[in-house]
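Asker: Dropping the structure in here first, questions after.
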Amino acid sequence: MAEKLFARPQSLLDVSTHYCPGCQHGIIHRLVAEVIDELGIQKKTIGVVPVGCSVLADQYFNIDCQQAAHGRAPAVATGIKRVHPENVVFTYQGDGDIAAIGMAEVVHAAARGEKITTIFVNNAIYGMTGGQMAPTTLVNQVTATSPYGRQLAVAGSPIRLSELLATLDGAKYIARVSVNDPANMTKAKKAIKTAFEVQIRGEGFALVEVLATCPTNWGKTPVEAKAWLKENMLPQFPLGVYKNIEEVKQ
């Protein structure tokens with residue numbers, strides 16, 4: 001019998017998802033699930049899911065999950081972690097959820113050094129509600145609410161959340177990764193694992209920003225969307241580790 005090399009992670013349910021063709025939430029879900037399995041924390045991990053395209057993520061992860069009101073996932077995760085400090089708690093949020101209505105929540109969770117992990121999916125647009133301009137939308141990017149492109153003089157520049165949070169003392173690990181190609185997927189998984197390990201060691205707040213595509217709302221094929229991300233999002237949102245308390249200790 002041939003050896004099975006690529007099996008579904010135990011922390012990911014064997015069900016179909018509602019995500020659009022080419023959407024990369026599925027890839028990110030798998031990376032998170034693989035990390036949970038490898039760390040042996042499935043039975044004690046609690047996910048907090050937002051309002052957005054990943055609103056049904058609790059139906060895909062084979063772990064306990066809690067839904068949060070729009071933007072409030074870090075506050076909900078804070079409450080869960082403080083009541084159950086022995087558990088591993090993470091939020092899974094999109095750019096509209098975390099960088100618009102939820103900006104205060106994540107900033108103050110990081111400032112307080114809450115011992116939670118945040119997975120932030122940045123596709124530069126509001127996905128679930130029709131493709132409106134988000135805080136991360138690029139200058140001149142066309143969206144449902146910026147049909148002539150985001151105008152710098154009116155809407156300002158896109159927010160670089162990783163760089164912003166890295167300035168806060170309570171933030172112990174902040175990284176930006178991408179899942180646009182296999183090499184970057186490997187780096188993304190490594191960053192996600194590090195972020196969970198920071199929480200397990202009890203060091204403080206950790207966040208991994210993941211650049212991802214939204215072919216449907218970008219009006220592109222999945223292949224075109226990956227190319228657009230590489231050509232347009234990577235220059236605006238440079239990949240890398242923006243804060244790592246372990247490196248500071250060394």
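In the structure tokens, each chain is lettered A, B, ... as it comes, each chain's residues begin at 1, and ligands are numbered from 1 in order of appearance.
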Based on the backbone DSSP call, show me all residues of segment 5-89 of chain A assigned alpha helix (DSSP H), as a ChimeraX atom specification.

Answerer: /A:25-39,73-83

Asker: Quick one: everything within 8 Å of Asn87 of chain A, counting only C-alpha atoms, minus sequence neighbours fewer than 3 positions away in the same chain. Send it as a ChimeraX atom specification.

Answerer: /A:44-46,81,84

Asker: If you count only C-alpha atoms, which residues fall within 7 Å of segment 26-36 of chain A, apart from same-chain ones fewer than 4 positions away, as a list in words?

Answerer: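 The filter keeps Pro9, Ser11, Leu12, Gly40, Ile41, Gln42, Lys189, Ile192 and Lys193 of chain A.
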
Asker: Write a file of the just-selected residues containing C-alpha atoms, as a PDB file, in the first residue's frame.

Answerer:
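Final output, part.pdb:
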```pdb
ATOM      1  CA  PRO A   9      -5.196  17.838   9.322  1.00  0.00           C
ATOM      2  CA  SER A  11      -8.040  20.096  13.210  1.00  0.00           C
ATOM      3  CA  LEU A  12      -9.792  20.667   9.859  1.00  0.00           C
ATOM      4  CA  GLY A  40      -0.550  18.973  19.842  1.00  0.00           C
ATOM      5  CA  ILE A  41      -2.999  21.600  21.080  1.00  0.00           C
ATOM      6  CA  GLN A  42      -6.226  20.646  19.288  1.00  0.00           C
ATOM      7  CA  LYS A 189       3.100  28.351   8.143  1.00  0.00           C
ATOM      8  CA  ILE A 192       1.823  31.079  12.226  1.00  0.00           C
ATOM      9  CA  LYS A 193       3.551  28.385  14.260  1.00  0.00           C
TER      10      LYS A 193
END
```

Asker: Hey, what's within 10 Å of segment 139-143 of chain A if we count only C-alpha atoms and toss same-chain stuff fewer than 4 positions away? As a list in words, please?

Answerer: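 Once the adjacent positions are removed, what remains is Ala124, Ile125, Tyr126, Gly130, Gly131, Gln132, Met133, Ala134, Pro147, Tyr148, Gly149, Arg150, Gln151, Leu152, Ala153, Ala155, Gly156, Ser157, Pro158, Asn217, Trp218, Gly219, Asn232 and Gln236 of chain A.
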
Asker: When you look at Thr216 of chain A with a cut-off of 10 Å (counting only C-alpha atoms), what residues show up, excluding the ones that are within fewer than 5 positions of it in the same chain? I need them as a PyMOL selection string.

Answerer: chain A and resi 20-23+127+130-131+221-222+225

Asker: Give me the residues near Thr118 of chain A as a list in words, where near means some atom within 7 Å (using only C-alpha atoms) and where sequence neighbours in that chain fewer than 6 positions away do not count.

Answerer: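 Residues near the query, excluding close chain neighbours: Phe90, Thr91, Tyr92, Ala206, Leu207 and Val208 of chain A.
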
Asker: Nearest to Leu229 of chain A among A:Leu13, A:Ala175, A:Ala212, A:Val241, with distances taken over only C-alpha atoms: which residue is it?

Answerer: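 When distances to Leu229 of chain A are compared using only C-alpha atoms, the smallest one comes from A:Ala212.
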
Asker: I need the residue nearest Glu86 of chain A from this list: A:Lys226, A:Asn180, A:Ile116, A:Leu161. Use only C-alpha atoms for the distance.

Answerer: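 Between A:Lys226, A:Asn180, A:Ile116, A:Leu161, the residue approaching Glu86 of chain A most closely is A:Ile116.
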
Asker: List as a short mmCIF file (atom, residue, chain, number, x, y, z; two decimals) with C-alpha atoms, in the first residue's frame the protein and nucleic acid residues near segment 67-71 of chain A, meaning an atom at most 8 Å away when only C-alpha atoms are counted, but skip any in the same chain fewer than 3 places from it.

Answerer:
```cif
data_model
loop_
_atom_site.label_atom_id
_atom_site.label_comp_id
_atom_site.auth_asym_id
_atom_site.auth_seq_id
_atom_site.Cartn_x
_atom_site.Cartn_y
_atom_site.Cartn_z
CA VAL A 48 -12.78 33.29 17.68
CA VAL A 49 -14.34 34.00 14.29
CA PRO A 50 -15.45 37.42 13.02
CA VAL A 51 -18.05 38.99 10.80
CA GLY A 52 -16.76 38.69 7.24
CA VAL A 55 -17.84 34.13 9.53
CA ASP A 58 -16.20 27.60 13.04
CA PRO A 74 -9.78 40.51 20.16
CA VAL A 76 -13.88 38.26 23.02
CA ASP A 97 -13.11 43.47 10.56
CA ILE A 98 -9.74 44.12 12.18
CA ALA A 100 -11.81 49.30 10.38
CA ILE A 101 -14.53 48.67 12.98
CA GLY A 102 -12.17 46.55 15.07
CA MET A 103 -9.07 48.76 14.98
CA GLU A 105 -9.93 46.36 19.78
#
```

Asker: What does the distance between atom CA of Asp37 of chain A and atom CA of His18 of chain A come to in Å, to one decimal place?

Answerer: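 Atom CA of His18 of chain A lies 23.5 Å from atom CA of Asp37 of chain A.
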
Asker: In terms of the shortest atom-to-atom distance over only C-alpha atoms, which of A:Arg201, A:Arg176, A:Arg72, A:His108 is closest to Val121 of chain A?

Answerer: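 That would be A:Arg176, the residue with the smallest distance to Val121 of chain A.
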
Asker: Using DSSP secondary structure from the backbone, list all strand (DSSP E) positions within segment 5-143 of chain A, as JSON, numbers by chain.

Answerer: {"A": [45, 46, 47, 48, 49, 64, 65, 66, 67, 88, 89, 90, 91, 92, 93, 94, 117, 118, 119, 120, 121, 122]}

Asker: So how many Å separate atom CA of Leu211 of chain A and atom CA of Asn123 of chain A, to one decimal?

Answerer: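 Atom-to-atom, atom CA of Leu211 of chain A and atom CA of Asn123 of chain A are spaced 6.0 Å apart.
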
Asker: Could you check how far atom CA of Phe120 of chain A sits from atom CA of Cys214 of chain A, in Å to one decimal?

Answerer: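 Interatomic distance, atom CA of Phe120 of chain A to atom CA of Cys214 of chain A: 14.4 Å.
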
Asker: For Val177 of chain A, which of A:Pro135, A:Gly202, A:Gly47, A:Gly240 is the closest residue, counting only C-alpha atoms?

Answerer: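 For Val177 of chain A, the nearest of the given residues is A:Gly240.
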
Asker: I'd like to know which of A:Gly96, A:Pro215, A:Gly204, A:Pro238 is closest to Ser162 of chain A, using only C-alpha atoms.

Answerer: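 Under the stated criterion, the closest residue is A:Pro238.
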
Asker: Pick out the closest residue to Cys53 of chain A from this set: A:Ala77, A:Val88, A:Asn122, A:Arg8. Count only C-alpha atoms.

Answerer: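 So, comparing all the options, the nearest one is A:Asn122.
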